[in-house]
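Reviewing the structure listed below.
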Amino acid sequence: MTRLLVCVTVLFCATVVYGGHEKYEGHQLYRISCTTEEIAYLEAYLDLLSMTPAARTSSGKIEALVRLSPKDKGQWLQHFNDKNISYRKIADNLADILRQDEIQIEAARSAARRAGKSMTWDTYYRYKEVNDYLDELAATYPELVTVINAGLSYEGRQIKYVRISTTRFENLRKPVIVIDAMVHSNEWVTTPVALYIINQLVVDIVDRRLTEQIDWVIIPLANPDGYEYSWEEDRLWRKTRSKNHEFGEECPGVDGNRNFDHYWGTSELSADPCSNNYHGPSVFSEPEIRVIRNAVLAHLQRTPLYISVHSWGNMILYAWGQNGTLPANGLVLHLAGVRMATAIDALALDKADRYVVGNAAHVLYFTTGTSRDWTRAIGIPLTYTLELPGYEYGFLVPPTYVNQIVKETWAGIVEGANYVLSTW
Ligand SMILES: *[C@@H]1O[C@H](CO)[C@@H](O)[C@H](O)[C@H]1NC(C)=O
């Protein structure tokens, strides 16, 4: 780990202790355009920073932003040529982008610290800061918030989540909404989105009905090992950090969103421990994913809505991701998804892509072992993968956009909650 001391002025002097960015020195970003089958393969072996579904591109193909290292660039460009994948370079040095991003993040963090705020919506917070914030909320609003210490991550970090309810989860007639975030640790903006939902329900109390009539389970930081690793060593780290599998030392980590018990292990692309989409040595092998499983199962009978928050693409995706057919309630899934999307789009930046709502396999590509499909299969009627906006660089969302994204996404969550109330 590199320790850099960046002193911009005498007044503003930030110690930047994270990084690992030098490993991306000279790595370039390319925008490519390819078919669905090709993108699933590329995602397993290349870092994809963002993806635009075919439904939205003029070419009718998927467009994606990929990172090419100086060493592998020639080989990949050759591959693109061979497969008729069109490509265009859009950035010369990923390390510079990461350093720029880090300076902005650290400046906003320092400002928040100077203002004595434990949480703001203009930057990113570390694992410990997030946990402290949750504990602080539970201490300040004990009648509304309970923090659950749900279990330890592979490296031994406590995974916390909150239960929010005006009735302490004792009124079994209320519906439960379950939301998780940061299963993929490079998708940093997902945790602020989850925290902002908590904030709106608990601190700002924008609509008391939402907690009087609904119980909420919110897991804001599901993969703390991966997240801390992404601050310290590798901003692009997606998986967990477990090593309980073949090649675990060379290729640690499991893709949490391929580790659920739904057609688990049936995709070749997720079988390779060194791929970004590795499904793990067994179903629910990851302690982080078992936390989500247990939180979902705890109130399953009265949970009508589950949302897994991910980053990039402006998409609301529903089942079935492994075969592309629709569940029996496909129409309702679509309708509720469109309502959420419309509410978000109404507040979106002009330059943002409008949300695409659809079946995961049709909009993107086939996937197995996802939380969205597993939760649908065990009986939750409305289950979604929510892909937040990424703007220029996919999951490298500059901190200046956090405020925008948390607010527009909250509007979608409110719409989802209203849908639940109108049908419960
Ligand atoms: C697709 O998957 C769902 C969920 O497992 C299943 O119920 C359905 O029969 C499958 N459809 C086809 C055509 O295989």
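Each chain of the structure tokens is named A, B, ... in the order shown, its residues numbered from 1; ligands are numbered from 1 in display order.
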
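By only C-alpha atoms, and with residues fewer than 4 positions from Gly226 of chain A along its chain excluded, the set lying at most 7 Å from it is Ser185, Ser230, Trp237, Arg238, Lys239, Thr240 and Arg241 of chain A.
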
For ligand 1, return the neighbouring residues as a list in words (distance at most 10 Å; only C-alpha atoms and all ligand atoms). His262, Tyr263, Ala319, Trp320, Gly321, Gln322, Asn323, Gly324, Thr325, Leu326, Pro327, Ala328, Asp373, Trp374, Arg376 and Ala377 of chain A

Run DSSP on the backbone and give me the residues of segment 205-262 of chain A it puts in strand (DSSP E or B), as a ChimeraX atom specification. /A:215-219

Nearby residues (only C-alpha atoms) at most 9 Å from Asn244 of chain A, same-chain spacing under 5 positions excluded, as a ChimeraX atom specification: /A:249,252-253,280-281,285

Let's have the selection written as a compact mmCIF listing (two decimals), in the first residue's frame, with C-alpha atoms.
# COMPACT_ATOMS: atom_id res chain seq x y z
CA GLU A 249 -4.59 -17.62 -2.70
CA PRO A 252 -9.39 -14.66 -3.76
CA GLY A 253 -13.01 -13.69 -3.63
CA GLY A 280 -17.96 -19.69 -5.20
CA PRO A 281 -17.16 -23.21 -4.02
CA SER A 285 -20.41 -20.24 0.64

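If you measure from each of A:Gly358, A:Pro304, A:Pro224, A:Pro192 to Leu388 of chain A using only C-alpha atoms, the closest one turns out to be A:Pro192.
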
Within 9 Å of segment 305-315 of chain A: each segment 137-186 of chain A residue with its shortest pair, only C-alpha atoms, as a Markdown table:
| residue | atom | partner | partner_atom | distance |
| --- | --- | --- | --- | --- |
| A:Pro175 | CA | A:Leu305 | CA | 8.5 |
| A:Val176 | CA | A:Leu305 | CA | 7.2 |
| A:Ile177 | CA | A:Leu305 | CA | 5.1 |
| A:Val178 | CA | A:Tyr306 | CA | 4.8 |
| A:Ile179 | CA | A:Ile307 | CA | 4.9 |
| A:Asp180 | CA | A:Ser308 | CA | 5.0 |
| A:Ala181 | CA | A:Val309 | CA | 4.8 |
| A:Met182 | CA | A:His310 | CA | 6.9 |
| A:Val183 | CA | A:His310 | CA | 7.7 |
| A:His184 | CA | A:His310 | CA | 7.3 |
| A:Asn186 | CA | A:Ser311 | CA | 8.5 |

Rounded to one decimal place, report the atom CA of Leu94 of chain A-atom CA of Tyr154 of chain A distance in Å.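 Here the two named atoms are 29.4 Å from each other.
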
Interatomic distance (Å, one decimal) between atom CA of Leu65 of chain A and atom CA of Thr36 of chain A: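 So the two atoms, atom CA of Leu65 of chain A and atom CA of Thr36 of chain A, lie 14.4 Å apart.
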
Pick the closest to Tyr161 of chain A from A:Ile405, A:Val291, A:Leu46, A:Val397: which is it, counting only C-alpha atoms?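 Counting only C-alpha atoms, the residue closest to Tyr161 of chain A is A:Val291.
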
List the spatial neighbours of segment 269-276 of chain A as an MDAnalysis selection string - criterion: any atom at most 8 Å away, only C-alpha atoms, same-chain residues fewer than 3 positions off excluded. chainID A and resid 40:41 43:47 238:239 245:248 250:255 258 265 279:280

Pick out each residue of segment 273-410 of chain A that DSSP on the backbone tags as alpha helix (DSSP H); I need them as an mmCIF file with N, CA and C atoms, in the first residue's frame.
data_model
loop_
_atom_site.group_PDB
_atom_site.id
_atom_site.type_symbol
_atom_site.label_atom_id
_atom_site.label_comp_id
_atom_site.auth_asym_id
_atom_site.auth_seq_id
_atom_site.Cartn_x
_atom_site.Cartn_y
_atom_site.Cartn_z
ATOM 1 N N PRO A 287 -20.002 -15.843 3.826
ATOM 2 C CA PRO A 287 -20.715 -15.400 5.039
ATOM 3 C C PRO A 287 -21.519 -14.123 4.799
ATOM 4 N N GLU A 288 -21.021 -13.265 3.917
ATOM 5 C CA GLU A 288 -21.717 -12.000 3.624
ATOM 6 C C GLU A 288 -23.069 -12.289 2.960
ATOM 7 N N ILE A 289 -23.072 -13.310 2.119
ATOM 8 C CA ILE A 289 -24.295 -13.651 1.383
ATOM 9 C C ILE A 289 -25.264 -14.401 2.302
ATOM 10 N N ARG A 290 -24.704 -15.135 3.268
ATOM 11 C CA ARG A 290 -25.587 -15.785 4.254
ATOM 12 C C ARG A 290 -26.279 -14.743 5.136
ATOM 13 N N VAL A 291 -25.612 -13.630 5.377
ATOM 14 C CA VAL A 291 -26.259 -12.537 6.126
ATOM 15 C C VAL A 291 -27.494 -12.049 5.369
ATOM 16 N N ILE A 292 -27.343 -11.847 4.078
ATOM 17 C CA ILE A 292 -28.486 -11.393 3.275
ATOM 18 C C ILE A 292 -29.571 -12.477 3.272
ATOM 19 N N ARG A 293 -29.144 -13.729 3.053
ATOM 20 C CA ARG A 293 -30.108 -14.834 3.042
ATOM 21 C C ARG A 293 -30.933 -14.836 4.340
ATOM 22 N N ASN A 294 -30.245 -14.772 5.481
ATOM 23 C CA ASN A 294 -30.949 -14.867 6.761
ATOM 24 C C ASN A 294 -31.858 -13.663 6.997
ATOM 25 N N ALA A 295 -31.398 -12.492 6.580
ATOM 26 C CA ALA A 295 -32.220 -11.295 6.752
ATOM 27 C C ALA A 295 -33.496 -11.401 5.916
ATOM 28 N N VAL A 296 -33.370 -11.966 4.720
ATOM 29 C CA VAL A 296 -34.536 -12.135 3.845
ATOM 30 C C VAL A 296 -35.479 -13.186 4.422
ATOM 31 N N LEU A 297 -34.920 -14.305 4.882
ATOM 32 C CA LEU A 297 -35.764 -15.404 5.366
ATOM 33 C C LEU A 297 -36.493 -15.035 6.659
ATOM 34 N N ALA A 298 -35.930 -14.103 7.431
ATOM 35 C CA ALA A 298 -36.492 -13.772 8.748
ATOM 36 C C ALA A 298 -37.942 -13.293 8.671
ATOM 37 N N GLY A 330 -45.041 -11.501 -14.071
ATOM 38 C CA GLY A 330 -44.155 -10.640 -14.860
ATOM 39 C C GLY A 330 -44.734 -9.254 -15.131
ATOM 40 N N LEU A 331 -46.010 -9.224 -15.397
ATOM 41 C CA LEU A 331 -46.627 -7.940 -15.740
ATOM 42 C C LEU A 331 -46.598 -6.982 -14.551
ATOM 43 N N VAL A 332 -46.899 -7.527 -13.374
ATOM 44 C CA VAL A 332 -46.893 -6.714 -12.157
ATOM 45 C C VAL A 332 -45.452 -6.270 -11.834
ATOM 46 N N LEU A 333 -44.523 -7.198 -11.992
ATOM 47 C CA LEU A 333 -43.108 -6.853 -11.782
ATOM 48 C C LEU A 333 -42.717 -5.684 -12.679
ATOM 49 N N HIS A 334 -43.157 -5.767 -13.917
ATOM 50 C CA HIS A 334 -42.803 -4.711 -14.861
ATOM 51 C C HIS A 334 -43.466 -3.391 -14.481
ATOM 52 N N LEU A 335 -44.745 -3.475 -14.169
ATOM 53 C CA LEU A 335 -45.503 -2.267 -13.831
ATOM 54 C C LEU A 335 -44.897 -1.543 -12.618
ATOM 55 N N ALA A 336 -44.632 -2.297 -11.555
ATOM 56 C CA ALA A 336 -44.070 -1.667 -10.355
ATOM 57 C C ALA A 336 -42.676 -1.123 -10.660
ATOM 58 N N GLY A 337 -41.909 -1.851 -11.468
ATOM 59 C CA GLY A 337 -40.571 -1.393 -11.862
ATOM 60 C C GLY A 337 -40.638 -0.086 -12.639
ATOM 61 N N VAL A 338 -41.589 -0.008 -13.562
ATOM 62 C CA VAL A 338 -41.731 1.208 -14.371
ATOM 63 C C VAL A 338 -42.122 2.389 -13.485
ATOM 64 N N ARG A 339 -42.967 2.125 -12.511
ATOM 65 C CA ARG A 339 -43.362 3.231 -11.625
ATOM 66 C C ARG A 339 -42.168 3.779 -10.848
ATOM 67 N N MET A 340 -41.334 2.876 -10.361
ATOM 68 C CA MET A 340 -40.130 3.344 -9.662
ATOM 69 C C MET A 340 -39.214 4.106 -10.623
ATOM 70 N N ALA A 341 -39.028 3.528 -11.805
ATOM 71 C CA ALA A 341 -38.128 4.142 -12.791
ATOM 72 C C ALA A 341 -38.615 5.533 -13.179
ATOM 73 N N THR A 342 -39.911 5.664 -13.368
ATOM 74 C CA THR A 342 -40.470 6.949 -13.788
ATOM 75 C C THR A 342 -40.237 8.008 -12.707
ATOM 76 N N ALA A 343 -40.404 7.592 -11.455
ATOM 77 C CA ALA A 343 -40.183 8.538 -10.356
ATOM 78 C C ALA A 343 -38.720 8.980 -10.303
ATOM 79 N N ILE A 344 -37.810 8.055 -10.563
ATOM 80 C CA ILE A 344 -36.384 8.405 -10.549
ATOM 81 C C ILE A 344 -36.056 9.316 -11.734
ATOM 82 N N ASP A 345 -36.530 8.914 -12.908
ATOM 83 C CA ASP A 345 -36.242 9.697 -14.114
ATOM 84 C C ASP A 345 -36.729 11.141 -13.998
ATOM 85 N N ALA A 360 -33.885 -9.376 -16.738
ATOM 86 C CA ALA A 360 -32.422 -9.234 -16.657
ATOM 87 C C ALA A 360 -31.704 -9.857 -17.849
ATOM 88 N N ALA A 361 -32.159 -11.016 -18.275
ATOM 89 C CA ALA A 361 -31.475 -11.700 -19.375
ATOM 90 C C ALA A 361 -31.691 -10.961 -20.693
ATOM 91 N N HIS A 362 -32.850 -10.346 -20.844
ATOM 92 C CA HIS A 362 -33.120 -9.632 -22.091
ATOM 93 C C HIS A 362 -32.412 -8.294 -22.137
ATOM 94 N N VAL A 363 -32.437 -7.603 -21.007
ATOM 95 C CA VAL A 363 -31.812 -6.282 -20.995
ATOM 96 C C VAL A 363 -30.288 -6.412 -21.021
ATOM 97 N N SER A 371 -29.304 -12.689 -6.326
ATOM 98 C CA SER A 371 -30.231 -12.464 -5.221
ATOM 99 C C SER A 371 -31.625 -12.163 -5.758
ATOM 100 N N ARG A 372 -31.695 -11.473 -6.865
ATOM 101 C CA ARG A 372 -32.999 -11.117 -7.453
ATOM 102 C C ARG A 372 -33.793 -12.365 -7.816
ATOM 103 N N ASP A 373 -33.140 -13.327 -8.460
ATOM 104 C CA ASP A 373 -33.862 -14.534 -8.872
ATOM 105 C C ASP A 373 -34.150 -15.433 -7.671
ATOM 106 N N TRP A 374 -33.197 -15.521 -6.752
ATOM 107 C CA TRP A 374 -33.424 -16.369 -5.573
ATOM 108 C C TRP A 374 -34.592 -15.852 -4.737
ATOM 109 N N THR A 375 -34.637 -14.548 -4.505
ATOM 110 C CA THR A 375 -35.718 -13.991 -3.690
ATOM 111 C C THR A 375 -37.078 -14.159 -4.390
ATOM 112 N N ARG A 376 -37.097 -14.052 -5.688
ATOM 113 C CA ARG A 376 -38.351 -14.285 -6.437
ATOM 114 C C ARG A 376 -38.772 -15.752 -6.307
ATOM 115 N N ALA A 377 -37.770 -16.634 -6.449
ATOM 116 C CA ALA A 377 -38.067 -18.075 -6.422
ATOM 117 C C ALA A 377 -38.601 -18.530 -5.064
ATOM 118 N N VAL A 402 -23.078 12.172 -5.638
ATOM 119 C CA VAL A 402 -23.732 11.338 -4.631
ATOM 120 C C VAL A 402 -25.086 11.923 -4.245
ATOM 121 N N ASN A 403 -25.106 13.207 -3.988
ATOM 122 C CA ASN A 403 -26.319 13.894 -3.576
ATOM 123 C C ASN A 403 -27.457 13.693 -4.588
ATOM 124 N N GLN A 404 -27.125 13.866 -5.851
ATOM 125 C CA GLN A 404 -28.106 13.670 -6.915
ATOM 126 C C GLN A 404 -28.654 12.236 -6.909
ATOM 127 N N ILE A 405 -27.751 11.283 -6.842
ATOM 128 C CA ILE A 405 -28.170 9.885 -6.967
ATOM 129 C C ILE A 405 -28.990 9.439 -5.764
ATOM 130 N N VAL A 406 -28.567 9.831 -4.554
ATOM 131 C CA VAL A 406 -29.344 9.385 -3.384
ATOM 132 C C VAL A 406 -30.758 9.981 -3.419
ATOM 133 N N LYS A 407 -30.866 11.228 -3.869
ATOM 134 C CA LYS A 407 -32.180 11.868 -3.871
ATOM 135 C C LYS A 407 -33.104 11.295 -4.931
ATOM 136 N N GLU A 408 -32.592 11.143 -6.142
ATOM 137 C CA GLU A 408 -33.475 10.617 -7.188
ATOM 138 C C GLU A 408 -33.865 9.172 -6.878
ATOM 139 N N THR A 409 -32.925 8.402 -6.308
ATOM 140 C CA THR A 409 -33.241 6.996 -6.017
ATOM 141 C C THR A 409 -34.269 6.890 -4.902
ATOM 142 N N TRP A 410 -34.167 7.773 -3.934
ATOM 143 C CA TRP A 410 -35.168 7.792 -2.860
ATOM 144 C C TRP A 410 -36.577 7.948 -3.449
#

Closest of A:Gln200, A:Asn329, A:Thr57, A:Thr211 to Arg163 of chain A, counting only C-alpha atoms, is A:Thr211

So that I can see what lies close to Ser69 of chain A, please list as a list in words the residues with an atom at most 9 Å from it, counting only C-alpha atoms and leaving out residues fewer than 6 positions away in the same chain.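 Returned residues: Tyr24, Glu25, Gly26, His27, Gln28 and Leu29 of chain A.
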
Here atom CA of Asp350 of chain A and atom CA of Asn418 of chain A stand apart by 25.9 Å

Pick from A:Ala55, A:Lys73, A:Ala95, A:Ser282: nearest to Gly20 of chain A, with only C-alpha atoms counted?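 With only C-alpha atoms as the atom set, the closest residue is A:Ala95.
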